[in-house]
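Encoded as structure tokens, the structure appears first; notes follow it.
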Protein chains: 2
Amino acid sequence: MPKQTAITPTREENYPEWYQQVVKAADLAENAPVRGCMVIKPWGYRIWENIQRVLDGKIKELGHQNAYFPLFIPLSYFEREAQHVSGFAKECAVVTHHRLEVNEEGKLVPAGPLEEPLIVRPTSEMIIGEMFSKWITSYRDLPLLINQWANVVRWEMRTRLFLRTTEFLWQEGHTVHATREEALEHARTMLQVYKEFARDYLAIPFITGEKTESERFPGADTTFTIEAMMQDCKALQGGTSHFLGQNFSKAANIRFRTQDGDEEYGWMTSWGITTRMIGALVMIHSDDDGLILPPKIASAHAVIIPVIHKEEVKPQVLEYCHSLAKELREQGYEIIVDEREMRGGEKNWGWVKKGIPLRIEVGPRDIAENKAVLMRRDRPFKEKEFLPRDELIANFSKVLDEMQAGLLQRAIDFREKHSKEIDTKEDFYAYFTPKNKEKPEIHGGFAYTHWCGDPAVEEQIKKELSVTIRCIPDHIEQEAGTCPFTGRPSPGRVIFAKSY
Amino acid sequence: MPKQTAITPTREENYPEWYQQVVKAADLAENAPVRGCMVIKPWGYRIWENIQRVLDGKIKELGHQNAYFPLFIPLSYFEREAQHVSGFAKECAVVTHHRLEVNEEGKLVPAGPLEEPLIVRPTSEMIIGEMFSKWITSYRDLPLLINQWANVVRWEMRTRLFLRTTEFLWQEGHTVHATREEALEHARTMLQVYKEFARDYLAIPFITGEKTESERFPGADTTFTIEAMMQDCKALQGGTSHFLGQNFSKAANIRFRTQDGDEEYGWMTSWGITTRMIGALVMIHSDDDGLILPPKIASAHAVIIPVIHKEEVKPQVLEYCHSLAKELREQGYEIIVDEREMRGGEKNWGWVKKGIPLRIEVGPRDIAENKAVLMRRDRPFKEKEFLPRDELIANFSKVLDEMQAGLLQRAIDFREKHSKEIDTKEDFYAYFTPKNKEKPEIHGGFAYTHWCGDPAVEEQIKKELSVTIRCIPDHIEQEAGTCPFTGRPSPGRVIFAKSY
């Protein structure tokens, strides 16, 4: 008999569909009636609030200040950029009118055409650069360290909740520095902030590294990235940090007087992470019973479920539950007491699917013994621990820390198991060719392979295998070798993978 | 000789222009290159972050959960509403294309016309209502208490930083209840939350009350408002809370099964405050030397200014300043140590204009005596207190509380001084007719006047004096009387005023 799971299909049966079902069953988000847009529901938005709170603190610790720039960017700003980009085409929302009117036929129609169309920001380099050019005159104004939490819009053709949506939420940091070295160092620092934040809070082990030229952000001199392996062995880019050199400062005329009295263009960085991070969180930790939330970023830490078989015991049971909740809340935890009238099994499974780290059941017998029943999301559904109340409270943070560490270790182990040094073209193609034609998405994982640096090789591999270089990784000791695709010398190994 | 002030013009000379200059001198915000939009700079955005942090906590304490809904609303949603509104015209941003392309002449142009235009949300009742209709099926799903922090766009013709901008930031609460009474009560509760928050944090004494029918939000059964008096005696509406009855739930088909098995439409509320609150804060407290920030919402509480006349003393002075800052920060205060190389007077005036509550100067002589010099923003510029370091630290919160209370009291006193019961039409017209034709903005203030309830009276007064009924106030014992405009009976006094 096959094992029953709360989510259908399972990861193995159909990973992309499993993901959608996990998001739905956990009540994180749903598609909006507007094409490609999503509604982030309270249980999902709470994760974003937690991400914001923690990351915002780290960003401010480094001296950045938050500010807010307009949603709209004049079309002419894009013209400047279009001049540099051949085959320019931007998928973005264009505002052309500023009024709605009822026409003669009684239909509502756009009216008040704008002299210059406005673009809903796909990113804010251009508008922020324009402001920076006014704010900066001297080296004394530097470094200028600004961050913005905002919504942005990119007209994506194929969308998936959190992973790729037309509108998404993000933070975007924009900084200007007096020297090349300082700006480059800053871009690296922010990459490290992202990596450590994701590791310590989201339990996601990201690899950091540099993008190759073909994967670089247009206008950046260097793009750094954080890349993690999902449970289908694909890579997901969790955020980027760009060293922009003087490209944008020249376009926006951001100049400063140096200490010696010269004029110089500022050296810039930009960096961001988005609501996509929630998609990564879901894909990397969840199982066939639904979402699993790392405690440090969870929407709530525990649910207390009163077990009431007879109406008479209700007041006593509820009192015990609320007093337990109160004590745990005083330790700084988010605790839900679920008093809904509903069958116990259904209620329990609901919370399993929502990924809450701990479920605590309390019935009259537990109260008589001054105990409670603890169930952990990282253990099988039926596994219950009967704990004295004091012990439960005293060990609460230890249990959560253990879960947090366990999730991270499991993700690391999975990635290591599906990562390999590959030295021949034959092995490389075999690694990325699905064993089972019915499941084309199943393949090897991360290939650490030498590469001569030729973009034509990247292009060929992308075309034939849908595999790209995710990054030139920081975490391995690089040694010269031979490119298995061209036989030419290679300065070191890069990570090839399929990706989101 | 006239008194020198840091802001030109003074409040008396030209209040509207004084406001703009205060915002500019404090570096709170500036106009964006996009018509009617603003850039909120770090010193201003920090105030918004503080408002968000505190108010969000209060909203959540009452059981609301945050969520996020899309920026775009399909045009057809507005058509539903347009059917009910004659002379419908909405000033809003209309997205008609989803791509930019370079045309044959090399010009960048909108491409990819949308089948259905999208409106950038001016408010989210319609899109949230659409989602609520899917989320609610039974009385068990109620109350549904949702809040959103977001940007919204209304194409305003005349804009002023914070007070009226095309794009602004706000929170919008949307709730559904099972009964009329509960919803009405909730709308009143949120009004109270706003009033108390503004009083306790922003030091703004708002009057609460109900709007008359002509000033009501379209679609609301009752609109409650908070109104405060600015220093030019005009009223400013700081936020509204609407009891929507079943109007929106009928439009969006939000129905629930009652406990008795019947089907009923939900009873709804919505309520919001915006970045306009920062404009109110500036206008009500600031003086002719610039911004004054109430300590509880201030971007920072104090700046420590090292006084260094000789290079040799620098290390010792800076050490003393940073150790003082550290101790104050440990008490939970935001402290800035201003090490910029700049003349002392200029530096000090800069902070006065930015409205920081306290300035602390530390020079070698102060250190020798283990003292510091305290200057308060609510006292004359030249007034200095030489305090022992320990006393400064021990009394820090007391001084700030005193300032906070003082600002609130000053605003109350000002309002009381410029509020009057008026019982004849002649007095009323005299009250609102400027004494000085060169300063048409100067007039009486708030008139507590009987009104028979006839909208024609409101219209006439609005036309002739630009004066409207701000609200039917909650804080006075209402007694029946006679309407001075019609001689008809009046159920009680309302507040008439000019307004922003």
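By order of appearance in the structure tokens: chains A, B, ..., then residues from 1 within every chain, and ligands from 1 in the order shown.
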Within 8 Å of stretch 122-130 of chain B, which residues of stretch 134-253 of chain B come that close, and what is the closest atom pair and distance in Å for each? Count only C-alpha atoms and give it as a tab-separated table.
```
residue	atom	partner	partner_atom	distance
B:Lys134	CA	B:Glu130	CA	7.1
B:Val152	CA	B:Pro122	CA	5.2
B:Val153	CA	B:Pro122	CA	4.9
B:Arg154	CA	B:Pro122	CA	5.4
B:Glu172	CA	B:Ser124	CA	7.9
B:His174	CA	B:Glu125	CA	7.6
B:Phe248	CA	B:Gly129	CA	7.1
B:Ser249	CA	B:Gly129	CA	7.0
B:Ala252	CA	B:Gly129	CA	5.6
B:Asn253	CA	B:Glu130	CA	7.9
```
Using DSSP on the backbone coordinates, identify the residues of stretch 309-406 of chain A assigned to helix (DSSP H, G or I); present them as a PyMOL selection string.
-> chain A and resi 311-330+344-354+364-368+389-406
Pick out the chain B residues within 6 Å of chain A. Count only C-alpha atoms. Give them as a list in words.
->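 Therefore, the residues near the partner are Val39, Ile40, Lys41, Pro42, Tyr45, Gln65, Asn66, Ala67, Tyr68, Phe69, Ala89, Lys90, Glu91, Cys92, Ala93, Val94, Val95, His97, His98, Arg99, Leu100 and Glu101 of chain B.
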Output of the above residues as a PDB file, in the first residue's frame, restricted to C-alpha atoms:
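Contents of the output file part-v5.pdb:
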```
ATOM      1  CA  VAL B  39      11.029  61.195  -2.827  1.00  0.00           C
ATOM      2  CA  ILE B  40      10.867  60.545   0.898  1.00  0.00           C
ATOM      3  CA  LYS B  41      14.402  61.091   2.160  1.00  0.00           C
ATOM      4  CA  PRO B  42      15.920  59.132   5.060  1.00  0.00           C
ATOM      5  CA  TYR B  45      11.172  58.051   5.937  1.00  0.00           C
ATOM      6  CA  GLN B  65      -3.306  40.258  10.103  1.00  0.00           C
ATOM      7  CA  ASN B  66      -1.255  41.882   7.385  1.00  0.00           C
ATOM      8  CA  ALA B  67      -1.477  40.698   3.787  1.00  0.00           C
ATOM      9  CA  TYR B  68      -0.556  42.015   0.366  1.00  0.00           C
ATOM     10  CA  PHE B  69      -2.856  42.529  -2.608  1.00  0.00           C
ATOM     11  CA  ALA B  89     -14.486  60.439 -13.448  1.00  0.00           C
ATOM     12  CA  LYS B  90     -11.568  58.903 -11.641  1.00  0.00           C
ATOM     13  CA  GLU B  91      -8.190  60.546 -11.615  1.00  0.00           C
ATOM     14  CA  CYS B  92      -5.951  57.515 -11.663  1.00  0.00           C
ATOM     15  CA  ALA B  93      -2.993  55.984 -13.459  1.00  0.00           C
ATOM     16  CA  VAL B  94      -4.046  53.696 -16.317  1.00  0.00           C
ATOM     17  CA  VAL B  95      -1.720  50.958 -17.598  1.00  0.00           C
ATOM     18  CA  HIS B  97       0.698  48.468 -22.500  1.00  0.00           C
ATOM     19  CA  HIS B  98       3.085  45.844 -21.175  1.00  0.00           C
ATOM     20  CA  ARG B  99       6.241  46.407 -23.165  1.00  0.00           C
ATOM     21  CA  LEU B 100       8.660  49.033 -24.462  1.00  0.00           C
ATOM     22  CA  GLU B 101      10.108  48.627 -27.912  1.00  0.00           C
TER      23      GLU B 101
END
```
How far is it from atom CA of A:Trp18 to atom CA of A:Tyr201, in Å with one decimal?
->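 About the pair atom CA of A:Trp18 and atom CA of A:Tyr201: they are 24.0 Å apart.
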Two-atom distance - atom CA of B:Ser466, atom CA of B:Phe496 (Å) |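 Here the two named atoms are 10.1 Å from each other.
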Residue contacts of A:Ala6 (7 Å, only C-alpha atoms) excluding same-chain residues fewer than 3 positions away, as an NGL selection string | :A and (288-290)
Per-residue DSSP, stretch 96-242 of chain A, filtered to strand (DSSP E or B), as a JSON list (two decimals) with N, CA, C and O atoms, in the first residue's frame:
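Saved as states.json:
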```
[["chain", "number", "residue", "atom", "x", "y", "z"],
["A", 96, "THR", "N", -0.20, 55.21, -19.61],
["A", 96, "THR", "CA", -0.34, 56.17, -20.71],
["A", 96, "THR", "C", -1.45, 57.20, -20.48],
["A", 96, "THR", "O", -1.53, 58.18, -21.20],
["A", 97, "HIS", "N", -2.33, 56.94, -19.51],
["A", 97, "HIS", "CA", -3.44, 57.86, -19.26],
["A", 97, "HIS", "C", -3.57, 58.11, -17.76],
["A", 97, "HIS", "O", -3.14, 57.30, -16.94],
["A", 98, "HIS", "N", -4.22, 59.24, -17.41],
["A", 98, "HIS", "CA", -4.32, 59.55, -15.99],
["A", 98, "HIS", "C", -5.77, 59.75, -15.54],
["A", 98, "HIS", "O", -6.03, 60.40, -14.52],
["A", 99, "ARG", "N", -6.71, 59.18, -16.28],
["A", 99, "ARG", "CA", -8.10, 59.35, -15.87],
["A", 99, "ARG", "C", -8.96, 58.24, -16.48],
["A", 99, "ARG", "O", -8.62, 57.67, -17.51],
["A", 100, "LEU", "N", -10.08, 57.97, -15.81],
["A", 100, "LEU", "CA", -11.11, 57.11, -16.38],
["A", 100, "LEU", "C", -12.35, 57.95, -16.58],
["A", 100, "LEU", "O", -12.72, 58.73, -15.71],
["A", 101, "GLU", "N", -12.98, 57.78, -17.73],
["A", 101, "GLU", "CA", -14.21, 58.54, -18.00],
["A", 101, "GLU", "C", -15.25, 57.62, -18.62],
["A", 101, "GLU", "O", -14.90, 56.61, -19.25],
["A", 102, "VAL", "N", -16.50, 58.00, -18.47],
["A", 102, "VAL", "CA", -17.57, 57.27, -19.13],
["A", 102, "VAL", "C", -17.77, 57.92, -20.50],
["A", 102, "VAL", "O", -18.01, 59.12, -20.59],
["A", 108, "LEU", "N", -16.69, 52.68, -19.71],
["A", 108, "LEU", "CA", -15.60, 53.32, -18.99],
["A", 108, "LEU", "C", -14.33, 53.20, -19.83],
["A", 108, "LEU", "O", -13.95, 52.08, -20.22],
["A", 109, "VAL", "N", -13.67, 54.31, -20.10],
["A", 109, "VAL", "CA", -12.49, 54.27, -20.96],
["A", 109, "VAL", "C", -11.37, 55.14, -20.40],
["A", 109, "VAL", "O", -11.62, 56.10, -19.68],
["A", 110, "PRO", "N", -10.11, 54.78, -20.74],
["A", 110, "PRO", "CA", -8.98, 55.61, -20.33],
["A", 110, "PRO", "C", -9.09, 56.99, -20.99],
["A", 110, "PRO", "O", -9.46, 57.09, -22.15],
["A", 111, "ALA", "N", -8.76, 58.03, -20.24],
["A", 111, "ALA", "CA", -8.78, 59.39, -20.78],
["A", 111, "ALA", "C", -7.60, 60.15, -20.20],
["A", 111, "ALA", "O", -6.86, 59.62, -19.37],
["A", 112, "GLY", "N", -7.43, 61.38, -20.66],
["A", 112, "GLY", "CA", -6.31, 62.18, -20.16],
["A", 112, "GLY", "C", -4.98, 61.56, -20.54],
["A", 112, "GLY", "O", -4.20, 61.16, -19.67],
["A", 113, "PRO", "N", -4.69, 61.49, -21.85],
["A", 113, "PRO", "CA", -3.41, 60.88, -22.26],
["A", 113, "PRO", "C", -2.23, 61.70, -21.72],
["A", 113, "PRO", "O", -2.28, 62.93, -21.68],
["A", 114, "LEU", "N", -1.21, 61.00, -21.26],
["A", 114, "LEU", "CA", -0.02, 61.68, -20.72],
["A", 114, "LEU", "C", 0.88, 62.13, -21.86],
["A", 114, "LEU", "O", 1.01, 61.43, -22.87],
["A", 115, "GLU", "N", 1.50, 63.27, -21.69],
["A", 115, "GLU", "CA", 2.46, 63.72, -22.71],
["A", 115, "GLU", "C", 3.59, 62.72, -22.84],
["A", 115, "GLU", "O", 4.02, 62.38, -23.93],
["A", 116, "GLU", "N", 4.08, 62.27, -21.68],
["A", 116, "GLU", "CA", 5.16, 61.28, -21.69],
["A", 116, "GLU", "C", 4.70, 60.06, -20.90],
["A", 116, "GLU", "O", 4.34, 60.20, -19.73],
["A", 117, "PRO", "N", 4.68, 58.89, -21.52],
["A", 117, "PRO", "CA", 4.28, 57.69, -20.76],
["A", 117, "PRO", "C", 5.19, 57.47, -19.55],
["A", 117, "PRO", "O", 6.35, 57.90, -19.55],
["A", 118, "LEU", "N", 4.63, 56.83, -18.55],
["A", 118, "LEU", "CA", 5.39, 56.50, -17.33],
["A", 118, "LEU", "C", 5.52, 54.98, -17.22],
["A", 118, "LEU", "O", 4.59, 54.25, -17.54],
["A", 119, "ILE", "N", 6.66, 54.54, -16.75],
["A", 119, "ILE", "CA", 6.90, 53.11, -16.58],
["A", 119, "ILE", "C", 6.79, 52.78, -15.09],
["A", 119, "ILE", "O", 7.35, 53.48, -14.26],
["A", 120, "VAL", "N", 6.06, 51.72, -14.77],
["A", 120, "VAL", "CA", 6.04, 51.26, -13.39],
["A", 120, "VAL", "C", 7.41, 50.60, -13.13],
["A", 120, "VAL", "O", 7.82, 49.71, -13.88],
["A", 138, "SER", "N", 30.26, 66.34, -3.01],
["A", 138, "SER", "CA", 31.63, 66.26, -2.49],
["A", 138, "SER", "C", 31.91, 64.87, -1.92],
["A", 138, "SER", "O", 30.99, 64.12, -1.59],
["A", 144, "LEU", "N", 27.32, 57.11, 0.20],
["A", 144, "LEU", "CA", 25.88, 57.30, 0.34],
["A", 144, "LEU", "C", 25.26, 55.90, 0.31],
["A", 144, "LEU", "O", 25.43, 55.17, -0.66],
["A", 145, "LEU", "N", 24.61, 55.54, 1.40],
["A", 145, "LEU", "CA", 24.14, 54.15, 1.57],
["A", 145, "LEU", "C", 22.63, 54.15, 1.77],
["A", 145, "LEU", "O", 22.14, 54.45, 2.85],
["A", 146, "ILE", "N", 21.90, 53.82, 0.70],
["A", 146, "ILE", "CA", 20.44, 53.91, 0.72],
["A", 146, "ILE", "C", 19.80, 52.56, 0.43],
["A", 146, "ILE", "O", 20.30, 51.80, -0.41],
["A", 147, "ASN", "N", 18.71, 52.28, 1.12],
["A", 147, "ASN", "CA", 17.96, 51.05, 0.85],
["A", 147, "ASN", "C", 16.48, 51.40, 0.73],
["A", 147, "ASN", "O", 15.98, 52.32, 1.36],
["A", 148, "GLN", "N", 15.77, 50.65, -0.10],
["A", 148, "GLN", "CA", 14.34, 50.85, -0.27],
["A", 148, "GLN", "C", 13.61, 49.51, -0.23],
["A", 148, "GLN", "O", 14.02, 48.56, -0.88],
["A", 149, "TRP", "N", 12.52, 49.45, 0.54],
["A", 149, "TRP", "CA", 11.59, 48.32, 0.49],
["A", 149, "TRP", "C", 10.43, 48.75, -0.39],
["A", 149, "TRP", "O", 9.79, 49.76, -0.12],
["A", 150, "ALA", "N", 10.14, 47.98, -1.43],
["A", 150, "ALA", "CA", 9.14, 48.46, -2.39],
["A", 150, "ALA", "C", 8.57, 47.31, -3.22],
["A", 150, "ALA", "O", 9.03, 46.18, -3.16],
["A", 151, "ASN", "N", 7.55, 47.65, -4.00],
["A", 151, "ASN", "CA", 7.02, 46.73, -5.01],
["A", 151, "ASN", "C", 7.58, 47.11, -6.37],
["A", 151, "ASN", "O", 7.79, 48.29, -6.65],
["A", 152, "VAL", "N", 7.86, 46.13, -7.18],
["A", 152, "VAL", "CA", 8.32, 46.38, -8.55],
["A", 152, "VAL", "C", 7.54, 45.48, -9.51],
["A", 152, "VAL", "O", 6.93, 44.49, -9.09],
["A", 153, "VAL", "N", 7.55, 45.86, -10.78],
["A", 153, "VAL", "CA", 6.74, 45.14, -11.76],
["A", 153, "VAL", "C", 7.58, 44.79, -12.99],
["A", 153, "VAL", "O", 8.25, 45.66, -13.56],
["A", 160, "ARG", "N", 4.82, 31.99, -11.60],
["A", 160, "ARG", "CA", 4.55, 30.99, -10.56],
["A", 160, "ARG", "C", 4.64, 31.69, -9.22],
["A", 160, "ARG", "O", 5.60, 32.42, -8.97],
["A", 164, "ARG", "N", 8.18, 33.66, -9.57],
["A", 164, "ARG", "CA", 8.23, 34.58, -10.70],
["A", 164, "ARG", "C", 6.84, 35.18, -10.84],
["A", 164, "ARG", "O", 5.91, 34.48, -11.25],
["A", 167, "GLU", "N", 4.16, 41.39, -10.39],
["A", 167, "GLU", "CA", 4.52, 42.30, -9.30],
["A", 167, "GLU", "C", 5.17, 41.48, -8.20],
["A", 167, "GLU", "O", 4.70, 40.39, -7.88],
["A", 168, "PHE", "N", 6.26, 41.99, -7.65],
["A", 168, "PHE", "CA", 6.80, 41.33, -6.46],
["A", 168, "PHE", "C", 7.33, 42.38, -5.49],
["A", 168, "PHE", "O", 7.43, 43.57, -5.83],
["A", 169, "LEU", "N", 7.59, 41.95, -4.27],
["A", 169, "LEU", "CA", 8.12, 42.85, -3.25],
["A", 169, "LEU", "C", 9.61, 42.57, -3.10],
["A", 169, "LEU", "O", 10.04, 41.43, -3.24],
["A", 170, "TRP", "N", 10.36, 43.59, -2.79],
["A", 170, "TRP", "CA", 11.79, 43.39, -2.60],
["A", 170, "TRP", "C", 12.38, 44.52, -1.77],
["A", 170, "TRP", "O", 11.71, 45.47, -1.42],
["A", 171, "GLN", "N", 13.68, 44.36, -1.46],
["A", 171, "GLN", "CA", 14.46, 45.50, -1.02],
["A", 171, "GLN", "C", 15.53, 45.70, -2.06],
["A", 171, "GLN", "O", 16.05, 44.73, -2.62],
["A", 172, "GLU", "N", 15.83, 46.96, -2.32],
["A", 172, "GLU", "CA", 16.91, 47.26, -3.26],
["A", 172, "GLU", "C", 17.84, 48.27, -2.61],
["A", 172, "GLU", "O", 17.43, 49.34, -2.20],
["A", 173, "GLY", "N", 19.09, 47.88, -2.47],
["A", 173, "GLY", "CA", 20.10, 48.76, -1.90],
["A", 173, "GLY", "C", 20.83, 49.46, -3.02],
["A", 173, "GLY", "O", 21.10, 48.85, -4.07],
["A", 174, "HIS", "N", 21.14, 50.73, -2.83],
["A", 174, "HIS", "CA", 21.87, 51.51, -3.83],
["A", 174, "HIS", "C", 22.90, 52.35, -3.10],
["A", 174, "HIS", "O", 22.53, 53.15, -2.24],
["A", 175, "THR", "N", 24.15, 52.16, -3.45],
["A", 175, "THR", "CA", 25.20, 52.90, -2.73],
["A", 175, "THR", "C", 26.17, 53.56, -3.70],
["A", 175, "THR", "O", 26.35, 53.09, -4.83],
["A", 176, "VAL", "N", 26.76, 54.65, -3.24],
["A", 176, "VAL", "CA", 27.79, 55.35, -4.02],
["A", 176, "VAL", "C", 29.02, 55.51, -3.13],
["A", 176, "VAL", "O", 28.90, 55.89, -1.96],
["A", 177, "HIS", "N", 30.17, 55.22, -3.71],
["A", 177, "HIS", "CA", 31.43, 55.26, -2.96],
["A", 177, "HIS", "C", 32.46, 56.09, -3.70],
["A", 177, "HIS", "O", 32.35, 56.31, -4.91],
["A", 207, "ILE", "N", 25.29, 29.06, -1.89],
["A", 207, "ILE", "CA", 26.67, 29.18, -2.35],
["A", 207, "ILE", "C", 26.82, 30.58, -2.91],
["A", 207, "ILE", "O", 25.91, 31.08, -3.60],
["A", 208, "THR", "N", 27.93, 31.25, -2.59],
["A", 208, "THR", "CA", 28.15, 32.57, -3.16],
["A", 208, "THR", "C", 29.16, 32.48, -4.29],
["A", 208, "THR", "O", 30.01, 31.57, -4.30],
["A", 209, "GLY", "N", 29.07, 33.41, -5.21],
["A", 209, "GLY", "CA", 30.03, 33.42, -6.29],
["A", 209, "GLY", "C", 29.73, 34.54, -7.27],
["A", 209, "GLY", "O", 28.80, 35.32, -7.07],
["A", 210, "GLU", "N", 30.54, 34.57, -8.33],
["A", 210, "GLU", "CA", 30.41, 35.62, -9.32],
["A", 210, "GLU", "C", 29.71, 35.04, -10.55],
["A", 210, "GLU", "O", 29.90, 33.89, -10.89],
["A", 222, "THR", "N", 30.46, 43.69, -12.30],
["A", 222, "THR", "CA", 30.48, 42.36, -11.70],
["A", 222, "THR", "C", 29.13, 42.10, -11.04],
["A", 222, "THR", "O", 28.61, 42.98, -10.36],
["A", 223, "THR", "N", 28.58, 40.91, -11.26],
["A", 223, "THR", "CA", 27.37, 40.51, -10.54],
["A", 223, "THR", "C", 27.72, 39.32, -9.65],
["A", 223, "THR", "O", 28.23, 38.31, -10.13],
["A", 224, "PHE", "N", 27.45, 39.49, -8.36],
["A", 224, "PHE", "CA", 27.62, 38.39, -7.42],
["A", 224, "PHE", "C", 26.25, 37.78, -7.15],
["A", 224, "PHE", "O", 25.24, 38.48, -7.18],
["A", 225, "THR", "N", 26.22, 36.50, -6.86],
["A", 225, "THR", "CA", 24.94, 35.83, -6.69],
["A", 225, "THR", "C", 24.99, 34.85, -5.52],
["A", 225, "THR", "O", 26.07, 34.40, -5.12],
["A", 226, "ILE", "N", 23.81, 34.56, -4.97],
["A", 226, "ILE", "CA", 23.70, 33.45, -4.03],
["A", 226, "ILE", "C", 22.81, 32.39, -4.68],
["A", 226, "ILE", "O", 21.75, 32.71, -5.21],
["A", 227, "GLU", "N", 23.29, 31.14, -4.67],
["A", 227, "GLU", "CA", 22.61, 30.06, -5.38],
["A", 227, "GLU", "C", 22.41, 28.87, -4.44],
["A", 227, "GLU", "O", 23.33, 28.47, -3.74],
["A", 228, "ALA", "N", 21.19, 28.35, -4.43],
["A", 228, "ALA", "CA", 20.92, 27.18, -3.58],
["A", 228, "ALA", "C", 20.31, 26.07, -4.42],
["A", 228, "ALA", "O", 19.72, 26.32, -5.47],
["A", 229, "MET", "N", 20.46, 24.83, -3.93],
["A", 229, "MET", "CA", 19.88, 23.70, -4.65],
["A", 229, "MET", "C", 18.51, 23.35, -4.05],
["A", 229, "MET", "O", 18.39, 23.15, -2.84],
["A", 235, "ALA", "N", 19.03, 24.70, -9.46],
["A", 235, "ALA", "CA", 19.54, 25.84, -8.69],
["A", 235, "ALA", "C", 18.50, 26.94, -8.66],
["A", 235, "ALA", "O", 17.72, 27.10, -9.61],
["A", 236, "LEU", "N", 18.48, 27.68, -7.57],
["A", 236, "LEU", "CA", 17.65, 28.87, -7.49],
["A", 236, "LEU", "C", 18.52, 30.04, -7.05],
["A", 236, "LEU", "O", 19.23, 29.95, -6.05],
["A", 237, "GLN", "N", 18.47, 31.12, -7.83],
["A", 237, "GLN", "CA", 19.20, 32.33, -7.49],
["A", 237, "GLN", "C", 18.39, 33.10, -6.47],
["A", 237, "GLN", "O", 17.26, 33.48, -6.73],
["A", 238, "GLY", "N", 18.97, 33.29, -5.29],
["A", 238, "GLY", "CA", 18.19, 33.88, -4.19],
["A", 238, "GLY", "C", 18.35, 35.37, -4.05],
["A", 238, "GLY", "O", 17.57, 36.03, -3.36],
["A", 239, "GLY", "N", 19.34, 35.93, -4.70],
["A", 239, "GLY", "CA", 19.58, 37.36, -4.61],
["A", 239, "GLY", "C", 20.85, 37.69, -5.35],
["A", 239, "GLY", "O", 21.64, 36.79, -5.67],
["A", 240, "THR", "N", 21.03, 38.96, -5.67],
["A", 240, "THR", "CA", 22.25, 39.35, -6.37],
["A", 240, "THR", "C", 22.78, 40.65, -5.76],
["A", 240, "THR", "O", 22.04, 41.41, -5.16],
["A", 241, "SER", "N", 24.07, 40.85, -5.93],
["A", 241, "SER", "CA", 24.72, 42.08, -5.49],
["A", 241, "SER", "C", 25.62, 42.51, -6.64],
["A", 241, "SER", "O", 26.46, 41.73, -7.10],
["A", 242, "HIS", "N", 25.41, 43.72, -7.11],
["A", 242, "HIS", "CA", 26.13, 44.18, -8.29],
["A", 242, "HIS", "C", 27.15, 45.25, -7.95],
["A", 242, "HIS", "O", 26.84, 46.21, -7.24]]
```
Do you know which residues are at most 12 Å from A:Gln259 counting only C-alpha atoms, after dropping those on the same chain fewer than 5 positions away, and could you put them as an MDAnalysis selection string?
-> chainID A and resid 137:142 178:179 264
Let me see the file: selected residues, N, CA, C and O atoms, as a compact mmCIF listing (two decimals), in the first residue's frame.
```txt
# COMPACT_ATOMS: atom_id res chain seq x y z
N THR A 137 27.73 66.08 -4.00
CA THR A 137 28.61 67.06 -4.65
C THR A 137 30.06 66.83 -4.24
O THR A 137 30.95 67.06 -5.03
N SER A 138 30.26 66.34 -3.01
CA SER A 138 31.63 66.26 -2.49
C SER A 138 31.91 64.87 -1.92
O SER A 138 30.99 64.12 -1.59
N TYR A 139 33.17 64.57 -1.76
CA TYR A 139 33.56 63.29 -1.12
C TYR A 139 32.99 63.19 0.29
O TYR A 139 32.80 62.11 0.82
N ARG A 140 32.67 64.36 0.87
CA ARG A 140 32.07 64.36 2.21
C ARG A 140 30.68 63.72 2.21
O ARG A 140 30.17 63.33 3.26
N ASP A 141 30.04 63.71 1.05
CA ASP A 141 28.70 63.11 0.96
C ASP A 141 28.77 61.59 0.81
O ASP A 141 27.74 60.92 0.73
N LEU A 142 29.99 61.06 0.72
CA LEU A 142 30.16 59.63 0.46
C LEU A 142 30.73 58.90 1.67
O LEU A 142 31.43 59.51 2.45
N ALA A 178 33.48 56.52 -2.93
CA ALA A 178 34.51 57.38 -3.53
C ALA A 178 35.54 56.59 -4.32
O ALA A 178 36.20 57.14 -5.20
N THR A 179 35.69 55.30 -3.99
CA THR A 179 36.72 54.52 -4.71
C THR A 179 36.15 53.21 -5.22
O THR A 179 35.17 52.68 -4.69
N GLU A 264 35.20 63.48 -9.90
CA GLU A 264 35.21 62.08 -10.31
C GLU A 264 33.79 61.52 -10.30
O GLU A 264 32.94 62.02 -9.55
```
Excluding same-chain residues fewer than 5 positions from A:Leu184, what lies within 9 Å of it counting only C-alpha atoms, as a list in words?
->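 The residues that qualify are Thr179, Thr189, Thr222, His242, Phe243, Leu244, Gly245, Trp267, Met268 and Thr269 of chain A.
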